[in-house]
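Here's the structure, in structure tokens; my notes come after.
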Amino acid sequence: MRILAIGAHGDDLEMFCGGTLARCAERGDRVFMCVVTDGRGRPKGELEQIIAIRKAEAEASAAVIGAQPVWMGLPDGGLWVDEPTRHLFVEIIRECQPDLIITHPADDYHPDHKTTSRLVMDAAQIARTANYPSRFPPHRAVVPVAFMEPERGIGFIPEEYVDVSSVWEKKLAMLDCHRSQLMPGTYDPAFTLPPPDQNLFHHYAAALGTFRGLAVNTRFAEGFRFWQAANRIVTHRLLP
Ligand SMILES: [Zn+2]
């Protein structure tokens with residue numbers, strides 16, 4: 001299978017579906033980890049340098065599970081639903097030809113998350129259109145869109161769960177690649193990660209992963225919902 005995961009910011013995919021992507025990679029799927037925005041939002045620093053650091057962090061994280069990174073480089077905090085942006089999403093979907101797309105739920109907290117979700121759904125449909133002007137062939141397959149957890153899992157009731165207990169250390173290793181996001185102020189190349197019991201990302205991941213795991217009697221799990229729409233529904237399970 002080919003899995004295209006699209007997250008608004010570097011670290012989103014790791015936090016909300018990193019374990020699932022690790023399990024997909026382990027079963028032999030081709031995994032694409034697409035980061036939509038350039039990460040200029042934080043930490044504080046010179047923009048070009050921050051963007052280069054965020055891109056390198058995303059690439060390092062994808063390498064942990066052997067996924068292919070896809071860097072869109074759109075402005076962090078400046079993402080809009082418009083035709084040129086939707087075209088970029090269409091081209092990525094057509095180029096990757098996924099069997100499953102994973103992205104943010106539509107009602108997540110951050111405008112970049114909400115806009116990414118909307119752009120993915122719109123582009124997934126346009127990617128099917130036969131005569132749409134594109135460098136790539138139409139993506140005619142029935143391709144489900146799975147919504148990963150919103151920030152802190154608020155208001156989200158999963159329909160499917162993935163047991164990620166066996167790949168939990170990989171998920172944490174992916175999160176650890178995004179060390180710039182734990183820096184309190186200005187970018188500091190000498191910054192070292194806090195110990196695991198004081199690492200905020202580890203705390204968030206463990207809290208949500210444990211809670212979802214409780215629902216399915218496993219140590220750690222990740223939850224998903226699916227877009228209920230024409231061309232998006234299949235009769236078999238795609239997640240690991
Ligand atoms: Zn985000």
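To be explicit about the labels: the chains of the structure tokens are called A, B, and onward in the order shown, and within each one the residues are counted from 1, while ligands get numbers from 1 in the order they are shown.
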What's the 9 Å shell around stretch 25-42 of chain A, counting only C-alpha atoms, without same-chain residues fewer than 5 positions away, as a PyMOL selection string? chain A and resi 1-13+20+47-55+58-59+62+65-79+92+96+98+112+116+180-181+183+185-187+240
Residues near A:Ala106, cut-off 12 Å, only C-alpha atoms, skip fewer than 6 positions along chain, as an MDAnalysis selection string: chainID A and resid 112:122 145:151 155:156 225:227
Could you write those residues out with C-alpha atoms, as a short mmCIF file (atom, residue, chain, number, x, y, z; two decimals), in the first residue's frame?
```
data_model
loop_
_atom_site.label_atom_id
_atom_site.label_comp_id
_atom_site.auth_asym_id
_atom_site.auth_seq_id
_atom_site.Cartn_x
_atom_site.Cartn_y
_atom_site.Cartn_z
CA ASP A 112 -3.29 25.68 9.48
CA HIS A 113 -4.71 22.32 10.66
CA LYS A 114 -8.27 23.21 9.62
CA THR A 115 -7.13 24.62 6.29
CA THR A 116 -4.95 21.58 5.59
CA SER A 117 -7.91 19.30 6.26
CA ARG A 118 -10.14 21.26 3.89
CA LEU A 119 -7.46 21.44 1.20
CA VAL A 120 -6.84 17.68 1.40
CA MET A 121 -10.53 16.85 1.02
CA ASP A 122 -11.00 19.30 -1.86
CA VAL A 145 -9.21 9.88 3.96
CA ALA A 146 -8.48 9.13 7.63
CA PHE A 147 -8.55 11.94 10.18
CA MET A 148 -5.94 11.66 12.92
CA GLU A 149 -6.37 13.11 16.41
CA PRO A 150 -6.91 16.83 16.88
CA GLU A 151 -4.58 18.64 19.27
CA GLY A 155 -13.80 16.18 21.24
CA PHE A 156 -12.57 13.26 19.13
CA ARG A 225 -12.05 8.70 11.99
CA PHE A 226 -12.85 8.50 8.28
CA TRP A 227 -14.31 10.93 5.77
#
```
Hey, what does DSSP flag as alpha helix (DSSP H) within stretch 7-215 of chain A? Can you give it to me as a PyMOL selection string? chain A and resi 12-26+47-65+83-96+111-126+168-176+200-215
So, with only C-alpha atoms as the atoms that count, which of A:Thr218, A:Asn199, A:Thr85, A:Gln125 lies closest to A:Trp168?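 Smallest distance to A:Trp168 is found for A:Thr218.
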From the options A:Pro105, A:Gly45, A:Gly223, A:Pro138, which residue's atoms come nearest to A:Leu208, counting only C-alpha atoms?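 For A:Leu208, the nearest of the given residues is A:Gly223.
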